[in-house]
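Below is one structure, written out as structure tokens; comments come after it.
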Amino acid sequence: MNNNLINNSETDKVLLFINKILLVVVVLIVTLPLLYVLLGSFLQPDVLLTKGLSFDPKHWTVDGYVRIFNDGSIVRGFINSILYSTGFTLVSVGFTILAGYSLSIDNLVGKKIIMLYFLFTMFFNGGMVPVYLLVKDLGLLNSPWAIILPGAITVWNIILARTFFKGLPNELKEAARIDGASDAKIFISIILPLAKPIIFVLALYSFIGQWNAYFDAMIYLEDKSLYPLQLVLRDILIQNEIEPGMIGDQLARAELQRIAEMIKYSAIVIASLPLMIMYPFFQKYFEKGVMVGSLK
Amino acid sequence: MGQGWDTSPKSDALTKQINEGREKKKSSLEYIKKNYILYLFLLPAVILVFIFNYIPMYGVTIAFKDFSPLKGIMGSEWVGFKHFIKFLESPNFHQIFMNTIKLSTFELLIGFPVPVILALMLNQVRRANIKKNIQLVLYAPHFISVVVIAGMTFIFLSPAGPLNVLLTLVIDRPISFMSEPEYFRTIFIASGIWQSAGFASIIYVAALSNVDPQLHDAATIDGASLFQRIRHIDLQTLKPTMAVLFILAVGGIMTIGFEKAYLLQTSMNLPASEIIDTYVYKRGLQAADWSFGAAIGLFNSIISLVLLVTVNTVVKKANGETLY
């Protein structure tokens with residue numbers, strides 16, 4: 001914007017100044033809670049609970065982190081989450097891209113019916129209980145497939161992929177077809193390399209969505225050894241359960257409570273740090289994803 | 001429409017249509033044979049959707065039966081609307097239903113405008129790199145999981161937590177926010193705005209960046225104030241996007257935020273925090289009252305469907321924007 005050329009009126013200048021202040025306030029509202037947890041995770045719990053934040057190095061400790069790494073559950077949760085999120089992303093993005101490509105072809109016979117078949121699921125679903133019973137009947141209870149398969153295909157993502165493929169120039173395909181290339185060959189050698197942006201956007205959304213989800217894992221998984229990170233976190237943060245490996249030896253109840261409090265802070269930091277560090281690198285892809293979505 | 005009617009005699013048109021139909025059928029088969037690979041591409045998605053979306057639609061018939069796992073869906077007896085009536089007549093119904101409606105309506109009404117306002121504010125930031133950095137900061141909470149958000153909420157609002165430390169400067173006793181039903185909705189909505197308003201503003205910021213700056217310059221020369229330009233230029237630009245997102249939000253109103261609501265529930269705040277979906281989970285899965293759970297779930301889906309169609313129609317009439 002190059003409004004600088006034109007003089008804003010006095011009131012406008014005041015408004016713009018207020019706007020700046022408000023934006024600073026918004027930024028503080030977003031960042032302060034995050035900083036509080038980060039700093040809190042390095043503080044001795046009794047200091048944190050009685051005095052609040054302290055910048056005195058004597059009060060600092062990494063005990064919370066040590067306790068978390070002494071117990072295997074968070075590390076195991078990390079590994080499980082990486083496996084589940086990767087599996088989910090592969091299945092979801094792979095099948096979504098294939099379906100989206102086929103549906104992007106204008107003269108595909110039966111396209112309308114197939115589209116309707118997918119769209120209908122946007123408006124009506126069986127609900128939690130029938131899906132659970134189905135997963136149970138399929139013998140998938142307590143299996144990672146119960147987290148990966150049921151939600152792998154979402155209509156919205158198929159529409160996103162289809163929109164992307166529709167935007168690719170038709171001449172490319174026509175030229176290849178004249179050369180006698182088959183549909184499969186056209187897809188692999190011409191379309192896929194061009195589809196990198198949409199594959200990346202969908203993969204990013206699928207992976208993060210699965211990484212941060214807990215509910216399916218909660219209803220389908222029983223073995224604690226299968227728990228993804230978010231379920232382990234739920235035990236620590238919401239259920240106030242401390243894993244035995246985090247305590248070490250017999251301690252008084254009050255001491256236990258303080259440790260439980262400290263572990264919460266460290267657990268939040270460890271669990272959130274990977275995405276917090278990585279998302280800025282993907283910023284432009286998120287924006288791209290939103291834009292593709294808005295085109296319908 | 002209304003123009004371009006076929007003026008040829010009826011019989012001619014009919015035979016033509018039949019012939020066309022036959023040819024179409026033949027060429028369709030040929031097309032499918034030739035392009036079978038395209039249908040192969042569709043197969044995995046079609047199968048997964050059939051298994052996990054369509055079979056449960058048949059499974060939901062247990063809402064009208066007394067389902068027992070031993071007898072299976074087919075073998076269980078039909079009982080009509082028994083479970084629906086049981087839910088509607090249960091003493092909890094009024095509270096749970098109203099909790100659901102209030103929580104989602106307030107969240108929509110309060111939460112929906114925030115990303116729009118943020119985008120309008122960000123749009124006034126002249127320096128592109130500053131704007132970008134602010135946006136980056138505002139996106140951060142979106143990438144935090146709902147479990148962590150709930151955990152942070154418990155930490156911040158606990159009787160010894162930072163908010164109460166600040167509050168006790170003014171009042172004499174700490175408030176146990178998570179145990180008082182009256183605070184639940186505020187907590188739920190505020191934490192939701194904190195987490196998602198920044199990220200939700202992306203789409204509006206992008207739409208605003210497409211506005212021709214000359215439009216603003218011209219308006220300024222004509223003496224339009226900042227507010228007038230925001231109202232007549234920026235907001236008008238955002239209107240179609242807002243309409244589509246609003247329809248989508250209303251369609252999801254009965255299911256929104258259920259995972260967070262479940263995490264933020266304590267035995268003390270249940271009078272405000274028990275909503276239909278958390279109730280379905282507790283009755284249907286935890287208590288294994290399958291048919292009753294399925295009936296409540298179905299009741300909820302039907303309300304969502306009606307809302308979606310209604311709002312889509314209303315917005316279409318008012319605005320010309322539609323979802324489908």
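In the structure tokens, the first chain shown is A, the next is B, and so on; residue numbers restart at 1 for each chain, and ligands run from 1 in the order shown.
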Kindly provide, as a PDB file with C-alpha atoms, in the first residue's frame, the residues of chain B having any atom no farther than 6 Å from an atom of chain A, counting only C-alpha atoms.
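Final output, saved to result-v7.pdb:
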```pdb
ATOM      1  CA  LEU B  38      -8.548 -43.369 -13.536  1.00  0.00           C
ATOM      2  CA  PHE B  41      -7.118 -44.245  -8.761  1.00  0.00           C
ATOM      3  CA  LEU B  42     -10.540 -43.576  -7.253  1.00  0.00           C
ATOM      4  CA  ALA B  45     -10.837 -43.499  -1.515  1.00  0.00           C
ATOM      5  CA  PHE B  52     -15.937 -45.762   7.409  1.00  0.00           C
ATOM      6  CA  PRO B  56     -21.856 -46.514   9.957  1.00  0.00           C
ATOM      7  CA  MET B  57     -24.868 -44.841   8.298  1.00  0.00           C
ATOM      8  CA  GLY B  59     -25.044 -48.930  11.716  1.00  0.00           C
ATOM      9  CA  VAL B  60     -26.934 -45.923  13.032  1.00  0.00           C
ATOM     10  CA  SER B 145      -2.401 -29.326  20.564  1.00  0.00           C
ATOM     11  CA  GLY B 151      -3.383 -28.245  30.252  1.00  0.00           C
ATOM     12  CA  PRO B 213      -4.455   0.475  -3.283  1.00  0.00           C
ATOM     13  CA  LEU B 226     -10.195   5.707   7.669  1.00  0.00           C
ATOM     14  CA  ALA B 294     -26.380 -43.754  18.768  1.00  0.00           C
ATOM     15  CA  GLY B 297     -25.695 -38.844  18.124  1.00  0.00           C
TER      16      GLY B 297
END
```
Quick check for you: according to DSSP on this backbone, which residues of range 11-212 of chain A are classed as helix (DSSP H, G or I)? Reply as a VMD selection string.
chain A and resid 11 to 40 45 to 51 57 to 59 63 to 70 73 to 104 111 to 123 128 to 137 145 to 148 155 to 166 170 to 178 183 to 194 196 to 211
Rounded to one decimal place, report the CA of Asp71 in chain A-CA of Glu259 in chain B distance in Å.
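Interatomic distance here is 27.1 Å.
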Shortest contact to Phe81 in chain B, candidates B:Thr153, B:Ser291, B:Ser273, B:Ser27, atoms counted only C-alpha atoms, goes to B:Ser291
### Query
Asn170 in chain A: which residues within 12 Å, counting only C-alpha atoms, same-chain residues fewer than 5 positions away excluded, as a list of chain:residue names?
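The neighbour list is A:Ser104, A:Ile105, A:Asp106, A:Phe165, A:Ala175, A:Ala176, A:Arg177, A:Ile186, A:Ile190, A:Ile191.
Proximity ranking of B:Ala318, B:Val137, B:Leu157, B:Val147 relative to Leu263 in chain B places B:Val147 first, based on only C-alpha atoms.
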